[in-house]
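Asker: What follows is the file structure_38.cif, containing mmCIF, C-alpha atoms:
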```cif
data_start
#
loop_
_atom_site.label_atom_id
_atom_site.label_comp_id
_atom_site.auth_asym_id
_atom_site.auth_seq_id
_atom_site.Cartn_x
_atom_site.Cartn_y
_atom_site.Cartn_z
CA MET A 1 164.73 78.04 91.80
CA LYS A 2 165.28 77.68 88.06
CA TRP A 3 166.60 81.25 87.85
CA ARG A 4 168.97 80.61 90.73
CA LEU A 5 170.30 77.55 88.94
CA TRP A 6 170.88 79.60 85.78
CA GLN A 7 172.87 82.11 87.85
CA ALA A 8 175.43 79.41 88.60
CA ARG A 9 178.32 79.74 86.15
CA TRP A 10 178.91 75.99 85.99
CA PHE A 11 175.31 75.39 84.89
CA ARG A 12 175.46 78.03 82.16
CA VAL A 13 178.74 76.56 80.90
CA TRP A 14 177.24 73.07 80.84
CA VAL A 15 174.09 74.21 79.00
CA LEU A 16 176.06 76.19 76.42
CA MET A 17 178.51 73.34 75.71
CA VAL A 18 175.76 70.72 75.47
CA SER A 19 173.73 73.04 73.24
CA THR A 20 176.74 73.54 70.98
CA ALA A 21 177.28 69.78 70.74
CA LEU A 22 173.63 69.13 69.95
CA GLY A 23 173.57 72.01 67.46
CA MET A 24 176.47 70.48 65.58
CA ALA A 25 174.69 67.12 65.61
CA VAL A 26 171.64 68.81 64.05
CA VAL A 27 173.83 70.41 61.37
CA PHE A 28 175.35 67.02 60.58
CA GLU A 29 171.96 65.31 60.37
CA ALA A 30 170.60 68.10 58.16
CA THR A 31 173.57 68.49 55.80
CA GLY A 32 175.74 65.39 56.17
CA ASN A 33 178.78 67.63 56.62
CA GLN A 34 181.26 65.49 58.56
CA ALA A 35 183.47 68.48 59.35
CA VAL A 36 181.34 69.17 62.45
CA VAL A 37 181.52 65.62 63.84
CA PRO A 38 184.84 65.88 65.78
CA ALA A 39 183.73 69.19 67.33
CA ALA A 40 180.34 67.74 68.26
CA ILE A 41 182.03 64.85 70.05
CA PHE A 42 184.57 67.13 71.76
CA TYR A 43 181.94 69.53 73.13
CA GLY A 44 179.79 66.62 74.25
CA ALA A 45 182.72 64.95 76.00
CA ALA A 46 183.99 68.14 77.65
CA ALA A 47 180.69 69.65 78.86
CA GLY A 48 180.44 67.77 82.16
CA PRO A 49 184.13 67.94 83.17
CA VAL A 50 184.46 71.64 82.31
CA ALA A 51 181.29 72.47 84.26
CA MET A 52 182.80 70.62 87.23
CA LEU A 53 186.01 72.65 86.92
CA VAL A 54 184.07 75.92 86.91
CA ALA A 55 182.00 74.88 89.92
CA THR A 56 185.07 73.79 91.87
CA HIS A 57 187.04 76.93 91.01
CA ASP A 58 184.16 79.21 92.02
CA ARG A 59 183.92 77.37 95.35
CA THR A 60 187.62 76.98 96.13
CA GLY A 61 189.63 79.27 93.83
CA VAL A 62 192.05 76.45 92.97
CA GLY A 63 192.55 77.80 89.45
CA GLU A 64 194.30 80.82 90.98
CA ARG A 65 197.00 78.63 92.57
CA VAL A 66 198.65 77.53 89.30
CA PRO A 67 199.42 79.67 86.21
CA PRO A 68 197.05 79.10 83.26
CA ALA A 69 199.88 77.87 81.03
CA SER A 70 200.80 75.15 83.54
CA LEU A 71 197.18 74.08 83.89
CA LEU A 72 196.78 73.91 80.12
CA SER A 73 199.97 71.86 79.80
CA THR A 74 198.79 69.49 82.51
CA PHE A 75 195.40 69.16 80.80
CA LEU A 76 196.92 68.38 77.40
CA PHE A 77 200.10 66.51 78.33
CA GLY A 78 199.07 65.02 81.67
CA GLY A 79 195.72 63.81 80.42
CA GLY A 80 197.26 62.41 77.25
CA VAL A 81 200.08 60.61 79.04
CA ALA A 82 197.64 59.22 81.60
CA LEU A 83 195.36 57.85 78.89
CA MET A 84 198.31 56.42 76.97
CA LEU A 85 199.66 54.57 80.01
CA ALA A 86 196.22 53.47 81.17
CA GLY A 87 195.44 52.20 77.67
CA LEU A 88 198.67 50.20 77.63
CA PHE A 89 198.27 48.58 81.05
CA ASP A 90 194.49 48.15 80.86
CA ALA A 91 194.92 46.18 77.64
CA SER A 92 197.85 44.17 79.03
CA LEU A 93 196.39 43.30 82.44
CA ILE A 94 192.63 43.30 81.93
CA LYS A 95 191.84 40.65 79.34
CA ASP A 96 188.17 40.35 80.32
CA GLU A 97 186.57 43.63 81.35
CA HIS A 98 183.36 41.81 82.27
CA GLY A 99 185.10 39.63 84.85
CA PRO A 100 186.98 40.11 88.12
CA GLN A 101 190.05 41.49 86.30
CA ILE A 102 188.20 44.82 85.94
CA LEU A 103 188.90 45.37 89.64
CA ALA A 104 192.46 46.33 88.65
CA VAL A 105 191.30 49.29 86.56
CA GLY A 106 191.20 51.82 89.40
CA PHE A 107 194.74 51.04 90.52
CA ILE A 108 196.02 51.39 86.96
CA GLU A 109 194.18 54.55 85.96
CA GLU A 110 194.50 56.45 89.24
CA SER A 111 198.25 55.81 89.20
CA ALA A 112 198.42 57.03 85.58
CA LYS A 113 196.48 60.21 86.33
CA LEU A 114 198.68 61.06 89.33
CA LEU A 115 201.97 60.65 87.46
CA VAL A 116 202.25 64.19 86.04
CA PRO A 117 201.03 65.99 89.22
CA LEU A 118 203.58 63.94 91.16
CA GLY A 119 206.33 64.87 88.72
CA ILE A 120 205.50 68.55 89.14
CA ALA A 121 205.43 68.18 92.93
CA LEU A 122 208.90 66.63 92.90
CA THR A 123 210.21 69.86 91.36
CA GLY A 124 208.88 71.76 94.36
CA GLN A 125 206.42 73.84 92.32
CA TYR A 126 202.83 74.54 93.38
CA LEU A 127 203.34 72.47 96.52
CA THR A 128 200.07 73.47 98.18
CA LYS A 129 196.77 71.68 98.57
CA GLY A 130 195.06 74.17 96.24
CA GLY A 131 197.79 73.83 93.64
CA GLY A 132 197.66 70.05 93.82
CA VAL A 133 193.91 69.97 93.39
CA ALA A 134 194.18 72.28 90.37
CA LEU A 135 196.84 70.06 88.76
CA GLY A 136 194.95 66.87 89.58
CA LEU A 137 191.70 68.20 88.15
CA ALA A 138 193.45 69.44 85.01
CA CYS A 139 195.02 66.03 84.41
CA ALA A 140 191.81 64.15 85.24
CA THR A 141 189.82 66.42 82.92
CA GLY A 142 192.19 65.76 80.03
CA PHE A 143 191.95 62.03 80.70
CA ALA A 144 188.15 62.05 81.06
CA VAL A 145 187.53 64.12 77.94
CA LEU A 146 189.80 61.96 75.78
CA GLU A 147 188.34 58.74 77.16
CA SER A 148 184.78 59.97 76.65
CA MET A 149 185.62 60.93 73.07
CA SER A 150 186.64 57.32 72.44
CA TYR A 151 183.24 56.16 73.73
CA GLY A 152 181.62 58.79 71.55
CA TYR A 153 183.35 57.56 68.41
CA THR A 154 182.39 53.97 69.25
CA ALA A 155 178.74 55.01 69.61
CA LEU A 156 179.05 57.03 66.40
CA LYS A 157 180.04 53.94 64.45
CA ALA A 158 177.27 51.88 66.02
CA GLY A 159 174.32 54.24 65.80
CA GLY A 160 175.25 57.64 64.42
CA LEU A 161 175.98 61.04 65.91
CA VAL A 162 172.72 61.37 67.84
CA GLN A 163 173.45 58.14 69.72
CA ALA A 164 177.02 59.32 70.30
CA GLU A 165 175.78 62.56 71.86
CA GLY A 166 173.43 60.60 74.10
CA THR A 167 176.36 58.49 75.30
CA LEU A 168 178.46 61.60 75.92
CA LEU A 169 175.64 63.33 77.78
CA VAL A 170 175.37 60.40 80.21
CA ARG A 171 179.14 60.24 80.68
CA GLY A 172 179.26 64.00 81.19
CA LEU A 173 176.74 63.75 84.00
CA THR A 174 178.73 61.01 85.75
CA THR A 175 182.30 62.26 85.27
CA PRO A 176 182.17 64.90 88.05
CA PHE A 177 181.35 62.05 90.45
CA SER A 178 184.06 59.77 89.11
CA HIS A 179 187.36 60.65 87.40
CA LEU A 180 187.55 64.25 88.60
CA ALA A 181 186.40 63.42 92.13
CA TRP A 182 188.83 60.51 92.56
CA THR A 183 191.94 62.28 91.29
CA GLY A 184 190.97 65.56 92.93
CA PHE A 185 190.54 63.81 96.28
CA ALA A 186 193.84 61.92 96.02
CA CYS A 187 195.69 65.14 95.12
CA ALA A 188 194.00 67.11 97.91
CA VAL A 189 195.20 64.55 100.46
CA ALA A 190 198.73 64.18 99.03
CA PHE A 191 199.45 67.85 98.38
CA GLY A 192 197.94 68.78 101.74
CA VAL A 193 200.54 66.54 103.40
CA TRP A 194 203.33 67.81 101.16
CA GLU A 195 202.39 71.43 101.83
CA ARG A 196 202.81 70.85 105.58
CA HIS A 197 206.18 69.13 105.10
CA GLY A 198 207.41 71.49 102.39
CA ARG A 199 208.39 68.58 100.15
CA VAL A 200 207.16 65.27 98.76
CA VAL A 201 207.03 62.65 101.50
CA TRP A 202 205.37 59.26 101.57
CA THR A 203 203.02 58.84 104.49
CA ALA A 204 200.10 56.60 105.35
CA ALA A 205 197.74 59.46 104.52
CA VAL A 206 199.21 59.93 101.04
CA PHE A 207 199.05 56.22 100.30
CA GLY A 208 195.58 55.95 101.84
CA GLY A 209 194.20 58.77 99.67
CA TRP A 210 195.43 57.08 96.51
CA LEU A 211 194.21 53.67 97.68
CA LEU A 212 190.72 54.94 98.49
CA ALA A 213 190.48 56.69 95.10
CA ALA A 214 191.61 53.50 93.34
CA VAL A 215 189.15 51.31 95.26
CA LEU A 216 186.22 53.63 94.48
CA HIS A 217 187.29 53.74 90.82
CA SER A 218 187.44 49.95 90.60
CA ALA A 219 184.11 49.60 92.39
CA ASN A 220 182.52 52.07 89.97
CA ASP A 221 183.76 50.28 86.85
CA SER A 222 183.01 46.79 88.14
CA LEU A 223 179.41 47.75 88.92
CA LEU A 224 179.06 48.93 85.32
CA SER A 225 180.93 46.10 83.62
CA ILE A 226 180.41 42.79 85.41
CA GLY A 227 177.27 41.39 83.86
CA SER A 228 176.60 38.74 86.52
CA LEU A 229 175.93 41.30 89.26
CA PRO A 230 172.30 41.67 90.46
CA ALA A 231 169.98 44.38 89.16
CA TRP A 232 170.23 46.44 92.35
CA ARG A 233 173.89 47.10 91.56
CA TRP A 234 172.71 50.46 90.16
CA ALA A 235 171.87 51.54 93.70
CA LEU A 236 175.41 50.64 94.73
CA TYR A 237 176.75 52.57 91.74
CA LEU A 238 174.92 55.70 92.90
CA ILE A 239 176.24 55.18 96.43
CA VAL A 240 179.83 54.92 95.12
CA ALA A 241 179.31 58.13 93.11
CA ALA A 242 177.92 59.96 96.15
CA ILE A 243 180.79 58.80 98.36
CA SER A 244 183.34 59.80 95.71
CA TYR A 245 182.08 63.36 95.39
CA SER A 246 181.50 63.73 99.13
CA LEU A 247 185.11 62.78 99.85
CA PHE A 248 186.37 65.25 97.25
CA HIS A 249 184.13 68.03 98.57
CA ARG A 250 185.17 67.35 102.17
CA ALA A 251 188.87 67.27 101.25
CA THR A 252 188.61 70.68 99.54
CA ARG A 253 186.09 72.46 101.76
CA GLY A 254 188.79 74.48 103.53
CA LEU A 255 189.95 76.08 100.27
CA ARG A 256 188.59 79.51 99.37
CA PRO A 257 189.08 81.92 96.45
CA TYR A 258 191.58 84.69 97.09
CA GLU A 259 189.92 87.94 98.08
CA VAL A 260 190.19 90.80 95.61
CA GLY A 261 193.03 93.16 96.53
CA LEU A 262 194.94 90.67 98.67
CA PRO A 263 198.23 89.16 97.53
CA ALA A 264 198.13 85.58 96.24
#
```
Would you mind writing the structure in this file as C-alpha cells?

Answerer:
Amino acid sequence: MKWRLWQARWFRVWVLMVSTALGMAVVFEATGNQAVVPAAIFYGAAAGPVAMLVATHDRTGVGERVPPASLLSTFLFGGGVALMLAGLFDASLIKDEHGPQILAVGFIEESAKLLVPLGIALTGQYLTKGGGVALGLACATGFAVLESMSYGYTALKAGGLVQAEGTLLVRGLTTPFSHLAWTGFACAVAFGVWERHGRVVWTAAVFGGWLLAAVLHSANDSLLSIGSLPAWRWALYLIVAAISYSLFHRATRGLRPYEVGLPA
C-alpha cells in the first residue's frame, strides 16, 4: 500500500516540496541564514495546492485544455488580484472575524477568485468545462499560496520558522478541500453551462454553483473562527471539507486526459 501511494505523482510532489521546506527550516535553524526563509515559506505554502493540481490533472487532464503561459498568468495575476480584492473587502466589511460577520467571507473571496476566469470566458477563450476548471484551479492556487504565506509569516513572527512550517503543513493539508475545491467546483458548473451555450450566459445553475461554493467557504471559515461555537464544530468542519471535495470531484468526473496520438 505504501509503495502504491509513492507511485502517485501528487504524493511524490507533496513529499518533495514539504521536504524542501523543512530542509530550508533546518538550514535556517543551524546557520541563522535568513536568505532561505522566504523560500521555506513558499514551498510550505505551495506543497498542498500543487499536489492537488497534479492529482487533478492526472485524473482529468485539465492542464491540457489551456496553454501553460495562460495558466501561469492566471496563477500569478488572477491569484494576486483575487487576494488584493479579497483583502480590501474583507477588511472593509468584516470588522470582527470572530463574530457573525465572518459569514460574508465566502461571498467576497469566491467572487474575487472567479473574476479573472470570468474575464477570460467573456473573451470566448477556453470556453469548455476542462478549460474553466484549469483556469479556476490556477487562480485559486495563486490565491491559496499567497494567503498561506501570510499565515506563515505571522507564525514566523510569533514562534519562529519551525512553527511557521507547522502552520503551513496544516493549511496545505486542508487547502485541497477548501479554496481549490470551491473555485474548481464553481468553474466546472459555470464553464460547463457556457460550453453548451457557446458563450457566457447567466443561468440558475451558474448562480447556484457560485452560491454553493460561497456558502461552503463561509461555513468553513466560521467553524474555524467563531469562538463561541461548541467543541463538536470540528466534526462539522470535516463534513464541510468532505462535501466540498466531493462536489468538486463529482463536477469533474466526466473529464479525462486526452489520449496520446489523438488531436486535442

Asker: Which residues, written as an MDAnalysis selection string, have at least one atom at most 8 Å from Gly132 in chain A, with only C-alpha atoms counted and residues fewer than 6 positions away on the same chain left out?

Answerer: chainID A and resid 117 126 187:188 190:191

Asker: Just say which residues the PyMOL selection byres ((chain A and resi 246) around 12) picks in this file, as JSON, numbers by chain.

Answerer: {"A": [176, 177, 178, 181, 182, 184, 185, 239, 240, 241, 242, 243, 244, 245, 247, 248, 249, 250, 251, 252, 253]}

Asker: Which of these, A:Thr183, A:Thr128, A:Thr174, A:Ser218, has the shortest distance to Ala51 in chain A once you count all atoms listed in the file?

Answerer: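 Nearest to Ala51 in chain A: A:Thr174.
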
Asker: Can you give me, as a list in words, the residues this file yields under the PyMOL selection byres ((chain A and resi 77-89) around 7)?

Answerer: Ser73, Thr74, Phe75, Leu76, Asp90, Ala91, Ser92, Leu93, Ile108, Glu109, Ala112, Lys113, Val116, Cys139, Ala140, Thr141, Gly142 and Phe143 of chain A

Asker: Apply the PyMOL selection byres ((chain A and resi 192-209) around 7) to the structure shown and report the selected residues as a VMD selection string.

Answerer: chain A and resid 121 to 122 124 127 to 129 186 188 to 191 210 to 213

Asker: Those same residues, written as an mmCIF file, in the frame of the given file with C-alpha atoms?

Answerer:
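New file out-v4.cif:
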```cif
data_model
loop_
_atom_site.group_PDB
_atom_site.id
_atom_site.type_symbol
_atom_site.label_atom_id
_atom_site.label_comp_id
_atom_site.auth_asym_id
_atom_site.auth_seq_id
_atom_site.Cartn_x
_atom_site.Cartn_y
_atom_site.Cartn_z
ATOM 1 C CA ALA A 121 205.430 68.180 92.930
ATOM 2 C CA LEU A 122 208.900 66.630 92.900
ATOM 3 C CA GLY A 124 208.880 71.760 94.360
ATOM 4 C CA LEU A 127 203.340 72.470 96.520
ATOM 5 C CA THR A 128 200.070 73.470 98.180
ATOM 6 C CA LYS A 129 196.770 71.680 98.570
ATOM 7 C CA ALA A 186 193.840 61.920 96.020
ATOM 8 C CA ALA A 188 194.000 67.110 97.910
ATOM 9 C CA VAL A 189 195.200 64.550 100.460
ATOM 10 C CA ALA A 190 198.730 64.180 99.030
ATOM 11 C CA PHE A 191 199.450 67.850 98.380
ATOM 12 C CA TRP A 210 195.430 57.080 96.510
ATOM 13 C CA LEU A 211 194.210 53.670 97.680
ATOM 14 C CA LEU A 212 190.720 54.940 98.490
ATOM 15 C CA ALA A 213 190.480 56.690 95.100
#
```

Asker: Just how far from CA of Leu115 in chain A is CA of Ala47 in chain A, in Å to one decimal?

Answerer: 24.7 Å

Asker: Have a look at CA of Glu110 in chain A and CA of Ala144 in chain A and let me know their distance in Å, one decimal.

Answerer: 11.8 Å

Asker: Just to confirm, what's the straight-line distance from CA of Gly130 in chain A to CA of Asp58 in chain A in Å (one decimal)?

Answerer: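 Between CA of Gly130 in chain A and CA of Asp58 in chain A the gap works out to 12.7 Å.
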